[in-house]
$ cat structure18.pdb   # PDB, N, CA and C atoms
ATOM      1  N   MET A   1     -78.345 -64.406 130.028
ATOM      2  CA  MET A   1     -78.840 -63.181 130.616
ATOM      3  C   MET A   1     -77.658 -62.309 131.024
ATOM      4  N   ALA A   2     -77.718 -61.020 130.725
ATOM      5  CA  ALA A   2     -76.631 -60.087 131.036
ATOM      6  C   ALA A   2     -76.607 -59.780 132.528
ATOM      7  N   GLU A   3     -75.394 -59.636 133.030
ATOM      8  CA  GLU A   3     -75.247 -59.271 134.438
ATOM      9  C   GLU A   3     -75.514 -57.790 134.611
ATOM     10  N   PRO A   4     -76.067 -57.369 135.763
ATOM     11  CA  PRO A   4     -76.288 -55.931 135.986
ATOM     12  C   PRO A   4     -74.963 -55.185 136.023
ATOM     13  N   GLN A   5     -74.969 -53.957 135.514
ATOM     14  CA  GLN A   5     -73.747 -53.154 135.487
ATOM     15  C   GLN A   5     -73.360 -52.774 136.910
ATOM     16  N   GLN A   6     -72.083 -52.948 137.220
ATOM     17  CA  GLN A   6     -71.573 -52.651 138.549
ATOM     18  C   GLN A   6     -71.449 -51.143 138.740
ATOM     19  N   GLU A   7     -71.828 -50.668 139.905
ATOM     20  CA  GLU A   7     -71.714 -49.246 140.253
ATOM     21  C   GLU A   7     -70.235 -48.883 140.360
ATOM     22  N   LYS A   8     -69.802 -47.828 139.641
ATOM     23  CA  LYS A   8     -68.399 -47.429 139.622
ATOM     24  C   LYS A   8     -68.111 -46.239 140.517
ATOM     25  N   ARG A   9     -69.128 -45.580 141.017
ATOM     26  CA  ARG A   9     -68.920 -44.386 141.824
ATOM     27  C   ARG A   9     -68.378 -44.770 143.197
ATOM     28  N   GLY A  10     -67.384 -43.980 143.649
ATOM     29  CA  GLY A  10     -66.754 -44.272 144.922
ATOM     30  C   GLY A  10     -67.274 -43.431 146.067
ATOM     31  N   ALA A  11     -68.159 -42.472 145.782
ATOM     32  CA  ALA A  11     -68.668 -41.592 146.823
ATOM     33  C   ALA A  11     -70.162 -41.367 146.599
ATOM     34  N   ARG A  12     -70.875 -41.145 147.672
ATOM     35  CA  ARG A  12     -72.319 -40.914 147.582
ATOM     36  C   ARG A  12     -72.620 -39.651 146.783
ATOM     37  N   ARG A  13     -73.558 -39.748 145.870
ATOM     38  CA  ARG A  13     -73.986 -38.603 145.053
ATOM     39  C   ARG A  13     -75.252 -38.018 145.651
ATOM     40  N   PHE A  14     -75.307 -36.681 145.613
ATOM     41  CA  PHE A  14     -76.474 -35.968 146.098
ATOM     42  C   PHE A  14     -77.174 -35.324 144.905
ATOM     43  N   PRO A  15     -78.396 -35.749 144.600
ATOM     44  CA  PRO A  15     -79.112 -35.117 143.491
ATOM     45  C   PRO A  15     -79.568 -33.722 143.898
ATOM     46  N   LEU A  16     -79.105 -32.718 143.197
ATOM     47  CA  LEU A  16     -79.452 -31.327 143.501
ATOM     48  C   LEU A  16     -79.826 -30.624 142.214
ATOM     49  N   ARG A  17     -80.751 -29.726 142.283
ATOM     50  CA  ARG A  17     -81.119 -28.913 141.122
ATOM     51  C   ARG A  17     -80.856 -27.454 141.461
ATOM     52  N   VAL A  18     -79.583 -27.112 141.557
ATOM     53  CA  VAL A  18     -79.192 -25.739 141.863
ATOM     54  C   VAL A  18     -78.318 -25.220 140.727
ATOM     55  N   PRO A  19     -78.287 -23.902 140.527
ATOM     56  CA  PRO A  19     -77.436 -23.367 139.473
ATOM     57  C   PRO A  19     -75.954 -23.519 139.806
ATOM     58  N   VAL A  20     -75.162 -23.650 138.774
ATOM     59  CA  VAL A  20     -73.715 -23.717 138.924
ATOM     60  C   VAL A  20     -73.116 -22.835 137.829
ATOM     61  N   SER A  21     -72.061 -22.129 138.162
ATOM     62  CA  SER A  21     -71.369 -21.263 137.202
ATOM     63  C   SER A  21     -70.113 -21.990 136.745
ATOM     64  N   VAL A  22     -69.990 -22.197 135.428
ATOM     65  CA  VAL A  22     -68.883 -22.975 134.864
ATOM     66  C   VAL A  22     -67.969 -22.055 134.067
ATOM     67  N   ASN A  23     -66.663 -22.187 134.301
ATOM     68  CA  ASN A  23     -65.643 -21.468 133.545
ATOM     69  C   ASN A  23     -64.880 -22.513 132.746
ATOM     70  N   ARG A  24     -64.934 -22.408 131.417
ATOM     71  CA  ARG A  24     -64.338 -23.422 130.538
ATOM     72  C   ARG A  24     -62.822 -23.361 130.448
ATOM     73  N   ASN A  25     -62.182 -22.257 130.842
ATOM     74  CA  ASN A  25     -60.733 -22.129 130.667
ATOM     75  C   ASN A  25     -60.094 -21.789 132.010
ATOM     76  N   THR A  26     -59.546 -22.783 132.677
ATOM     77  CA  THR A  26     -58.926 -22.529 133.972
ATOM     78  C   THR A  26     -57.412 -22.613 133.922
ATOM     79  N   THR A  27     -56.836 -22.847 132.752
ATOM     80  CA  THR A  27     -55.378 -22.988 132.689
ATOM     81  C   THR A  27     -54.664 -21.673 132.961
ATOM     82  N   ASN A  28     -55.258 -20.543 132.506
ATOM     83  CA  ASN A  28     -54.604 -19.261 132.756
ATOM     84  C   ASN A  28     -55.466 -18.314 133.583
ATOM     85  N   GLY A  29     -56.534 -18.854 134.160
ATOM     86  CA  GLY A  29     -57.365 -18.046 135.049
ATOM     87  C   GLY A  29     -58.381 -17.171 134.343
ATOM     88  N   THR A  30     -58.387 -17.212 133.014
ATOM     89  CA  THR A  30     -59.375 -16.429 132.278
ATOM     90  C   THR A  30     -60.344 -17.372 131.585
ATOM     91  N   GLY A  31     -61.444 -16.844 131.198
ATOM     92  CA  GLY A  31     -62.441 -17.643 130.508
ATOM     93  C   GLY A  31     -63.808 -17.066 130.781
ATOM     94  N   GLN A  32     -64.733 -17.479 129.973
ATOM     95  CA  GLN A  32     -66.080 -16.950 130.107
ATOM     96  C   GLN A  32     -66.905 -17.824 131.037
ATOM     97  N   GLU A  33     -67.587 -17.170 131.971
ATOM     98  CA  GLU A  33     -68.481 -17.882 132.877
ATOM     99  C   GLU A  33     -69.749 -18.256 132.119
ATOM    100  N   GLU A  34     -70.233 -19.434 132.364
ATOM    101  CA  GLU A  34     -71.439 -19.933 131.706
ATOM    102  C   GLU A  34     -72.347 -20.554 132.754
ATOM    103  N   ALA A  35     -73.605 -20.194 132.727
ATOM    104  CA  ALA A  35     -74.562 -20.770 133.668
ATOM    105  C   ALA A  35     -74.892 -22.195 133.251
ATOM    106  N   ALA A  36     -74.989 -23.082 134.224
ATOM    107  CA  ALA A  36     -75.340 -24.478 133.990
ATOM    108  C   ALA A  36     -76.309 -24.907 135.081
ATOM    109  N   GLN A  37     -76.905 -26.069 134.903
ATOM    110  CA  GLN A  37     -77.827 -26.610 135.908
ATOM    111  C   GLN A  37     -77.227 -27.877 136.486
ATOM    112  N   LEU A  38     -77.010 -27.887 137.784
ATOM    113  CA  LEU A  38     -76.440 -29.047 138.466
ATOM    114  C   LEU A  38     -77.405 -30.220 138.422
ATOM    115  N   ARG A  39     -76.860 -31.406 138.194
ATOM    116  CA  ARG A  39     -77.653 -32.640 138.255
ATOM    117  C   ARG A  39     -77.390 -33.358 139.572
ATOM    118  N   ASP A  40     -76.116 -33.584 139.875
ATOM    119  CA  ASP A  40     -75.749 -34.156 141.169
ATOM    120  C   ASP A  40     -74.286 -33.858 141.463
ATOM    121  N   VAL A  41     -73.921 -34.048 142.739
ATOM    122  CA  VAL A  41     -72.567 -33.751 143.174
ATOM    123  C   VAL A  41     -72.164 -34.765 144.242
ATOM    124  N   SER A  42     -70.871 -35.063 144.292
ATOM    125  CA  SER A  42     -70.320 -35.911 145.347
ATOM    126  C   SER A  42     -69.011 -35.274 145.794
ATOM    127  N   ALA A  43     -68.328 -35.917 146.720
ATOM    128  CA  ALA A  43     -67.046 -35.404 147.186
ATOM    129  C   ALA A  43     -65.987 -35.458 146.085
ATOM    130  N   ARG A  44     -66.185 -36.300 145.084
ATOM    131  CA  ARG A  44     -65.178 -36.492 144.040
ATOM    132  C   ARG A  44     -65.566 -35.945 142.671
ATOM    133  N   GLY A  45     -66.854 -35.686 142.450
ATOM    134  CA  GLY A  45     -67.254 -35.288 141.114
ATOM    135  C   GLY A  45     -68.565 -34.533 141.068
ATOM    136  N   ILE A  46     -68.889 -34.083 139.861
ATOM    137  CA  ILE A  46     -70.070 -33.272 139.625
ATOM    138  C   ILE A  46     -70.657 -33.659 138.271
ATOM    139  N   SER A  47     -71.958 -33.551 138.160
ATOM    140  CA  SER A  47     -72.640 -33.767 136.894
ATOM    141  C   SER A  47     -73.602 -32.603 136.700
ATOM    142  N   PHE A  48     -73.591 -32.020 135.487
ATOM    143  CA  PHE A  48     -74.419 -30.850 135.222
ATOM    144  C   PHE A  48     -74.815 -30.798 133.756
ATOM    145  N   TYR A  49     -75.741 -29.906 133.444
ATOM    146  CA  TYR A  49     -76.223 -29.721 132.082
ATOM    147  C   TYR A  49     -75.746 -28.376 131.546
ATOM    148  N   LEU A  50     -75.186 -28.376 130.335
ATOM    149  CA  LEU A  50     -74.750 -27.166 129.642
ATOM    150  C   LEU A  50     -75.566 -26.981 128.368
ATOM    151  N   ASP A  51     -75.629 -25.735 127.886
ATOM    152  CA  ASP A  51     -76.334 -25.453 126.638
ATOM    153  C   ASP A  51     -75.531 -25.849 125.411
ATOM    154  N   SER A  52     -74.203 -25.922 125.534
ATOM    155  CA  SER A  52     -73.365 -26.268 124.381
ATOM    156  C   SER A  52     -72.323 -27.295 124.798
ATOM    157  N   SER A  53     -71.797 -27.999 123.814
ATOM    158  CA  SER A  53     -70.866 -29.096 124.075
ATOM    159  C   SER A  53     -69.513 -28.601 124.592
ATOM    160  N   ILE A  54     -68.803 -29.493 125.240
ATOM    161  CA  ILE A  54     -67.460 -29.242 125.750
ATOM    162  C   ILE A  54     -66.658 -30.520 125.528
ATOM    163  N   ALA A  55     -65.381 -30.400 125.284
ATOM    164  CA  ALA A  55     -64.555 -31.566 124.980
ATOM    165  C   ALA A  55     -64.208 -32.362 126.239
ATOM    166  N   GLN A  56     -64.275 -33.687 126.102
ATOM    167  CA  GLN A  56     -63.822 -34.553 127.185
ATOM    168  C   GLN A  56     -62.349 -34.280 127.424
ATOM    169  N   GLY A  57     -61.926 -34.202 128.681
ATOM    170  CA  GLY A  57     -60.549 -33.903 129.040
ATOM    171  C   GLY A  57     -60.298 -32.431 129.309
ATOM    172  N   SER A  58     -61.285 -31.571 128.962
ATOM    173  CA  SER A  58     -61.139 -30.129 129.200
ATOM    174  C   SER A  58     -61.030 -29.822 130.684
ATOM    175  N   HIS A  59     -60.205 -28.828 131.004
ATOM    176  CA  HIS A  59     -60.111 -28.344 132.377
ATOM    177  C   HIS A  59     -61.161 -27.255 132.555
ATOM    178  N   ILE A  60     -61.884 -27.316 133.676
ATOM    179  CA  ILE A  60     -62.946 -26.350 133.954
ATOM    180  C   ILE A  60     -62.846 -25.881 135.399
ATOM    181  N   GLY A  61     -63.483 -24.764 135.655
ATOM    182  CA  GLY A  61     -63.684 -24.279 137.005
ATOM    183  C   GLY A  61     -65.174 -24.127 137.202
ATOM    184  N   PHE A  62     -65.648 -24.270 138.414
ATOM    185  CA  PHE A  62     -67.068 -24.090 138.659
ATOM    186  C   PHE A  62     -67.305 -23.673 140.101
ATOM    187  N   THR A  63     -68.370 -22.909 140.280
ATOM    188  CA  THR A  63     -68.752 -22.416 141.602
ATOM    189  C   THR A  63     -70.203 -22.784 141.840
ATOM    190  N   LEU A  64     -70.487 -23.321 143.016
ATOM    191  CA  LEU A  64     -71.853 -23.662 143.381
ATOM    192  C   LEU A  64     -72.074 -23.412 144.855
ATOM    193  N   THR A  65     -73.317 -23.370 145.258
ATOM    194  CA  THR A  65     -73.681 -23.205 146.662
ATOM    195  C   THR A  65     -74.323 -24.490 147.147
ATOM    196  N   LEU A  66     -73.691 -25.126 148.124
ATOM    197  CA  LEU A  66     -74.246 -26.341 148.714
ATOM    198  C   LEU A  66     -75.286 -25.946 149.751
ATOM    199  N   PRO A  67     -76.495 -26.507 149.652
ATOM    200  CA  PRO A  67     -77.562 -26.128 150.578
ATOM    201  C   PRO A  67     -77.415 -26.810 151.942
ATOM    202  N   PRO A  68     -78.154 -26.334 152.945
ATOM    203  CA  PRO A  68     -78.074 -26.910 154.289
ATOM    204  C   PRO A  68     -78.369 -28.415 154.347
ATOM    205  N   GLU A  69     -79.170 -28.942 153.402
ATOM    206  CA  GLU A  69     -79.471 -30.384 153.407
ATOM    207  C   GLU A  69     -78.210 -31.219 153.199
ATOM    208  N   ILE A  70     -77.221 -30.639 152.529
ATOM    209  CA  ILE A  70     -75.968 -31.348 152.280
ATOM    210  C   ILE A  70     -74.938 -31.038 153.359
ATOM    211  N   THR A  71     -74.810 -29.762 153.726
ATOM    212  CA  THR A  71     -73.771 -29.349 154.663
ATOM    213  C   THR A  71     -74.133 -29.629 156.117
ATOM    214  N   LEU A  72     -75.418 -29.783 156.383
ATOM    215  CA  LEU A  72     -75.951 -29.984 157.747
ATOM    216  C   LEU A  72     -75.698 -28.773 158.641
ATOM    217  N   THR A  73     -75.351 -27.642 158.024
ATOM    218  CA  THR A  73     -75.221 -26.369 158.751
ATOM    219  C   THR A  73     -75.906 -25.305 157.904
ATOM    220  N   GLU A  74     -75.151 -24.278 157.494
ATOM    221  CA  GLU A  74     -75.714 -23.259 156.608
ATOM    222  C   GLU A  74     -75.244 -23.513 155.179
ATOM    223  N   SER A  75     -75.799 -22.767 154.229
ATOM    224  CA  SER A  75     -75.363 -22.877 152.838
ATOM    225  C   SER A  75     -73.895 -22.476 152.733
ATOM    226  N   ILE A  76     -73.154 -23.178 151.885
ATOM    227  CA  ILE A  76     -71.725 -22.907 151.714
ATOM    228  C   ILE A  76     -71.411 -22.813 150.227
ATOM    229  N   ARG A  77     -70.756 -21.720 149.826
ATOM    230  CA  ARG A  77     -70.299 -21.564 148.445
ATOM    231  C   ARG A  77     -68.952 -22.262 148.288
ATOM    232  N   VAL A  78     -68.815 -22.998 147.192
ATOM    233  CA  VAL A  78     -67.596 -23.752 146.932
ATOM    234  C   VAL A  78     -67.119 -23.448 145.511
ATOM    235  N   GLN A  79     -65.837 -23.146 145.382
ATOM    236  CA  GLN A  79     -65.221 -22.927 144.078
ATOM    237  C   GLN A  79     -64.308 -24.120 143.809
ATOM    238  N   CYS A  80     -64.483 -24.742 142.644
ATOM    239  CA  CYS A  80     -63.752 -25.970 142.328
ATOM    240  C   CYS A  80     -63.037 -25.875 140.991
ATOM    241  N   LYS A  81     -62.009 -26.697 140.842
ATOM    242  CA  LYS A  81     -61.352 -26.914 139.560
ATOM    243  C   LYS A  81     -61.438 -28.404 139.285
ATOM    244  N   GLY A  82     -61.630 -28.733 138.023
ATOM    245  CA  GLY A  82     -61.752 -30.140 137.674
ATOM    246  C   GLY A  82     -61.492 -30.389 136.210
ATOM    247  N   ARG A  83     -61.814 -31.607 135.804
ATOM    248  CA  ARG A  83     -61.580 -32.051 134.433
ATOM    249  C   ARG A  83     -62.793 -32.845 133.963
ATOM    250  N   VAL A  84     -63.229 -32.555 132.739
ATOM    251  CA  VAL A  84     -64.387 -33.235 132.153
ATOM    252  C   VAL A  84     -64.013 -34.685 131.840
ATOM    253  N   VAL A  85     -64.808 -35.628 132.345
ATOM    254  CA  VAL A  85     -64.532 -37.045 132.106
ATOM    255  C   VAL A  85     -65.579 -37.709 131.220
ATOM    256  N   ARG A  86     -66.743 -37.065 131.039
ATOM    257  CA  ARG A  86     -67.775 -37.634 130.179
ATOM    258  C   ARG A  86     -68.683 -36.534 129.660
ATOM    259  N   VAL A  87     -69.072 -36.632 128.390
ATOM    260  CA  VAL A  87     -70.015 -35.705 127.772
ATOM    261  C   VAL A  87     -71.036 -36.535 127.013
ATOM    262  N   GLU A  88     -72.315 -36.286 127.278
ATOM    263  CA  GLU A  88     -73.389 -37.024 126.600
ATOM    264  C   GLU A  88     -74.384 -36.033 126.019
ATOM    265  N   ASP A  89     -74.690 -36.196 124.736
ATOM    266  CA  ASP A  89     -75.691 -35.359 124.073
ATOM    267  C   ASP A  89     -77.069 -35.985 124.231
ATOM    268  N   GLY A  90     -78.061 -35.186 123.880
ATOM    269  CA  GLY A  90     -79.375 -35.768 123.684
ATOM    270  C   GLY A  90     -80.383 -35.648 124.804
ATOM    271  N   THR A  91     -80.296 -34.656 125.667
ATOM    272  CA  THR A  91     -81.382 -34.461 126.606
ATOM    273  C   THR A  91     -82.566 -33.901 125.827
ATOM    274  N   PRO A  92     -83.793 -34.125 126.286
ATOM    275  CA  PRO A  92     -84.965 -33.675 125.537
ATOM    276  C   PRO A  92     -84.975 -32.174 125.221
ATOM    277  N   ASP A  93     -84.373 -31.353 126.071
ATOM    278  CA  ASP A  93     -84.381 -29.902 125.832
ATOM    279  C   ASP A  93     -83.128 -29.426 125.099
ATOM    280  N   GLY A  94     -82.324 -30.347 124.561
ATOM    281  CA  GLY A  94     -81.168 -29.984 123.759
ATOM    282  C   GLY A  94     -79.903 -29.697 124.544
ATOM    283  N   LYS A  95     -79.922 -29.879 125.842
ATOM    284  CA  LYS A  95     -78.734 -29.617 126.647
ATOM    285  C   LYS A  95     -77.765 -30.804 126.584
ATOM    286  N   VAL A  96     -76.537 -30.562 127.001
ATOM    287  CA  VAL A  96     -75.486 -31.576 127.031
ATOM    288  C   VAL A  96     -75.238 -31.958 128.489
ATOM    289  N   SER A  97     -75.180 -33.242 128.766
ATOM    290  CA  SER A  97     -74.884 -33.727 130.114
ATOM    291  C   SER A  97     -73.370 -33.889 130.249
ATOM    292  N   VAL A  98     -72.791 -33.272 131.287
ATOM    293  CA  VAL A  98     -71.346 -33.263 131.492
ATOM    294  C   VAL A  98     -71.032 -33.825 132.877
ATOM    295  N   ALA A  99     -70.054 -34.706 132.951
ATOM    296  CA  ALA A  99     -69.557 -35.215 134.222
ATOM    297  C   ALA A  99     -68.099 -34.807 134.355
ATOM    298  N   ALA A 100     -67.722 -34.326 135.528
ATOM    299  CA  ALA A 100     -66.345 -33.885 135.762
ATOM    300  C   ALA A 100     -65.859 -34.387 137.110
ATOM    301  N   VAL A 101     -64.571 -34.653 137.172
ATOM    302  CA  VAL A 101     -63.940 -35.018 138.424
ATOM    303  C   VAL A 101     -63.480 -33.722 139.096
ATOM    304  N   ILE A 102     -63.623 -33.650 140.410
ATOM    305  CA  ILE A 102     -63.176 -32.482 141.170
ATOM    306  C   ILE A 102     -61.725 -32.724 141.587
ATOM    307  N   GLU A 103     -60.820 -31.820 141.147
ATOM    308  CA  GLU A 103     -59.396 -31.961 141.456
ATOM    309  C   GLU A 103     -58.954 -31.039 142.584
ATOM    310  N   GLU A 104     -59.595 -29.873 142.703
ATOM    311  CA  GLU A 104     -59.291 -28.911 143.775
ATOM    312  C   GLU A 104     -60.590 -28.231 144.181
ATOM    313  N   TYR A 105     -60.683 -27.833 145.430
ATOM    314  CA  TYR A 105     -61.843 -27.045 145.846
ATOM    315  C   TYR A 105     -61.451 -26.100 146.965
ATOM    316  N   GLU A 106     -62.234 -25.031 147.083
ATOM    317  CA  GLU A 106     -61.987 -24.020 148.091
ATOM    318  C   GLU A 106     -63.333 -23.483 148.554
ATOM    319  N   PHE A 107     -63.529 -23.419 149.863
ATOM    320  CA  PHE A 107     -64.736 -22.820 150.415
ATOM    321  C   PHE A 107     -64.602 -21.306 150.362
ATOM    322  N   LEU A 108     -65.624 -20.648 149.870
ATOM    323  CA  LEU A 108     -65.595 -19.196 149.728
ATOM    324  C   LEU A 108     -66.234 -18.536 150.949
ATOM    325  N   PRO A 109     -65.747 -17.341 151.317
ATOM    326  CA  PRO A 109     -66.363 -16.646 152.442
ATOM    327  C   PRO A 109     -67.777 -16.197 152.089
ATOM    328  N   GLU A 110     -68.585 -16.008 153.109
ATOM    329  CA  GLU A 110     -69.955 -15.547 152.883
ATOM    330  C   GLU A 110     -69.920 -14.155 152.257
ATOM    331  N   ALA A 111     -70.888 -13.941 151.359
ATOM    332  CA  ALA A 111     -70.953 -12.639 150.659
ATOM    333  C   ALA A 111     -71.424 -11.541 151.600
TER     334      ALA A 111
END
$ encode --input "structure18.pdb" --output "structure tokens"
Amino acid sequence: MAEPQQEKRGARRFPLRVPVSVNRNTTNGTGQEEAAQLRDVSARGISFYLDSSIAQGSHIGFTLTLPPEITLTESIRVQCKGRVVRVEDGTPDGKVSVAAVIEEYEFLPEA
């Protein structure tokens, strides 16, 4: 009988279904923003759905708003930089599941 797979995540994940804006090119600060749908987020990483594929190892930027259920105060906008660590095809609606590690983050002022 196979042993159950050990959990590899080091931080609690919060399942959220909020929009996230992804920038595929963060090396020179330019790139096209693309809307994505957040799957979950933790202090160390993020998982989201994109309409088109992205290469593992790619550097990305993304901005999302954490709701009061996570922050325990008011909603907070966060801008992050990270690197794609996993890409999986095959969601029923044709989207690509992407997991990225968060390397830098900055809280944005209220609009």
$ closest_residue --input "structure18.pdb" --among "A:Gly31, A:Gly45, A:Gly61, A:Pro109" --to "Val85 (chain A)" --atoms "only C-alpha atoms"
A:Gly45
$ resolve_selection --input "structure18.pdb" --expression "the PyMOL selection byres ((chain A and resi 63-79) around 6.5)" --output "list in words"
Pro19, Val20, Ser21, Val22, Asn23, Gly61, Phe62, Cys80, Lys81, Glu104, Tyr105, Glu106, Phe107 and Leu108 of chain A
$ resolve_selection --input "structure18.pdb" --expression "the PyMOL selection byres (((chain A and resi 84 and name CA) around 12) and name CA)" --output "MDAnalysis selection string"
chainID A and resid 22:25 45:48 53:62 81:83 85:88 97:103
$ atom_distance --input "structure18.pdb" --atom1 "CA of Pro92 (chain A)" --atom2 "atom C of Arg12 (chain A)"
25.3 Å
$ atom_distance --input "structure18.pdb" --atom1 "atom C of Thr91 (chain A)" --atom2 "CA of Arg44 (chain A)"
25.3 Å
$ select_by_dssp --input "structure18.pdb" --residues "region 59-89 of chain A" --states "helix (DSSP H, G or I)" --output "list in words"
Pro68, Glu69, Ile70 and Thr71 of chain A
$ atom_distance --input "structure18.pdb" --atom1 "CA of Asp93 (chain A)" --atom2 "CA of Arg13 (chain A)"
23.5 Å
$ residues_around --input "structure18.pdb" --residues "Gly94 (chain A)" --least-positions-apart "2" --cutoff "7 Å" --atoms "only N, CA and C atoms" --output "PDB file with N, CA and C atoms, in the frame of the given file"
ATOM      1  N   LEU A  50     -75.186 -28.376 130.335  1.00  0.00           N
ATOM      2  CA  LEU A  50     -74.750 -27.166 129.642  1.00  0.00           C
ATOM      3  C   LEU A  50     -75.566 -26.981 128.368  1.00  0.00           C
ATOM      4  N   ASP A  51     -75.629 -25.735 127.886  1.00  0.00           N
ATOM      5  CA  ASP A  51     -76.334 -25.453 126.638  1.00  0.00           C
ATOM      6  C   ASP A  51     -75.531 -25.849 125.411  1.00  0.00           C
ATOM      7  N   SER A  52     -74.203 -25.922 125.534  1.00  0.00           N
ATOM      8  CA  SER A  52     -73.365 -26.268 124.381  1.00  0.00           C
ATOM      9  C   SER A  52     -72.323 -27.295 124.798  1.00  0.00           C
ATOM     10  N   ASP A  89     -74.690 -36.196 124.736  1.00  0.00           N
ATOM     11  CA  ASP A  89     -75.691 -35.359 124.073  1.00  0.00           C
ATOM     12  C   ASP A  89     -77.069 -35.985 124.231  1.00  0.00           C
ATOM     13  N   GLY A  90     -78.061 -35.186 123.880  1.00  0.00           N
ATOM     14  CA  GLY A  90     -79.375 -35.768 123.684  1.00  0.00           C
ATOM     15  C   GLY A  90     -80.383 -35.648 124.804  1.00  0.00           C
ATOM     16  N   THR A  91     -80.296 -34.656 125.667  1.00  0.00           N
ATOM     17  CA  THR A  91     -81.382 -34.461 126.606  1.00  0.00           C
ATOM     18  C   THR A  91     -82.566 -33.901 125.827  1.00  0.00           C
ATOM     19  N   PRO A  92     -83.793 -34.125 126.286  1.00  0.00           N
ATOM     20  CA  PRO A  92     -84.965 -33.675 125.537  1.00  0.00           C
ATOM     21  C   PRO A  92     -84.975 -32.174 125.221  1.00  0.00           C
ATOM     22  N   VAL A  96     -76.537 -30.562 127.001  1.00  0.00           N
ATOM     23  CA  VAL A  96     -75.486 -31.576 127.031  1.00  0.00           C
ATOM     24  C   VAL A  96     -75.238 -31.958 128.489  1.00  0.00           C
TER      25      VAL A  96
END
$ build_atoms --input "structure18.pdb" --residues "region 15-20 of chain A" --atoms "all heavy atoms" --output "mmCIF file, keeping the file's coordinate frame"
data_model
loop_
_atom_site.group_PDB
_atom_site.id
_atom_site.type_symbol
_atom_site.label_atom_id
_atom_site.label_comp_id
_atom_site.auth_asym_id
_atom_site.auth_seq_id
_atom_site.Cartn_x
_atom_site.Cartn_y
_atom_site.Cartn_z
ATOM 1 N N PRO A 15 -78.396 -35.749 144.600
ATOM 2 C CA PRO A 15 -79.112 -35.117 143.491
ATOM 3 C C PRO A 15 -79.568 -33.722 143.898
ATOM 4 O O PRO A 15 -80.305 -33.560 144.876
ATOM 5 C CB PRO A 15 -80.302 -36.054 143.258
ATOM 6 C CG PRO A 15 -80.499 -36.768 144.542
ATOM 7 C CD PRO A 15 -79.156 -36.812 145.227
ATOM 8 N N LEU A 16 -79.105 -32.718 143.197
ATOM 9 C CA LEU A 16 -79.452 -31.327 143.501
ATOM 10 C C LEU A 16 -79.826 -30.624 142.214
ATOM 11 O O LEU A 16 -79.240 -30.890 141.174
ATOM 12 C CB LEU A 16 -78.261 -30.587 144.122
ATOM 13 C CG LEU A 16 -77.762 -31.058 145.466
ATOM 14 C CD1 LEU A 16 -76.492 -30.307 145.828
ATOM 15 C CD2 LEU A 16 -78.814 -30.820 146.518
ATOM 16 N N ARG A 17 -80.751 -29.726 142.283
ATOM 17 C CA ARG A 17 -81.119 -28.913 141.122
ATOM 18 C C ARG A 17 -80.856 -27.454 141.461
ATOM 19 O O ARG A 17 -81.762 -26.687 141.692
ATOM 20 C CB ARG A 17 -82.597 -29.124 140.749
ATOM 21 C CG ARG A 17 -82.947 -30.532 140.328
ATOM 22 C CD ARG A 17 -82.254 -30.914 139.033
ATOM 23 N NE ARG A 17 -82.657 -32.221 138.550
ATOM 24 C CZ ARG A 17 -82.020 -33.343 138.784
ATOM 25 N NH1 ARG A 17 -80.949 -33.351 139.537
ATOM 26 N NH2 ARG A 17 -82.438 -34.473 138.274
ATOM 27 N N VAL A 18 -79.583 -27.112 141.557
ATOM 28 C CA VAL A 18 -79.192 -25.739 141.863
ATOM 29 C C VAL A 18 -78.318 -25.220 140.727
ATOM 30 O O VAL A 18 -77.679 -25.992 140.021
ATOM 31 C CB VAL A 18 -78.432 -25.639 143.210
ATOM 32 C CG1 VAL A 18 -79.298 -26.088 144.371
ATOM 33 C CG2 VAL A 18 -77.151 -26.432 143.177
ATOM 34 N N PRO A 19 -78.287 -23.902 140.527
ATOM 35 C CA PRO A 19 -77.436 -23.367 139.473
ATOM 36 C C PRO A 19 -75.954 -23.519 139.806
ATOM 37 O O PRO A 19 -75.571 -23.533 140.971
ATOM 38 C CB PRO A 19 -77.831 -21.892 139.396
ATOM 39 C CG PRO A 19 -78.716 -21.622 140.540
ATOM 40 C CD PRO A 19 -79.068 -22.903 141.208
ATOM 41 N N VAL A 20 -75.162 -23.650 138.774
ATOM 42 C CA VAL A 20 -73.715 -23.717 138.924
ATOM 43 C C VAL A 20 -73.116 -22.835 137.829
ATOM 44 O O VAL A 20 -73.627 -22.778 136.718
ATOM 45 C CB VAL A 20 -73.205 -25.186 138.842
ATOM 46 C CG1 VAL A 20 -73.562 -25.838 137.542
ATOM 47 C CG2 VAL A 20 -71.718 -25.277 139.080
#
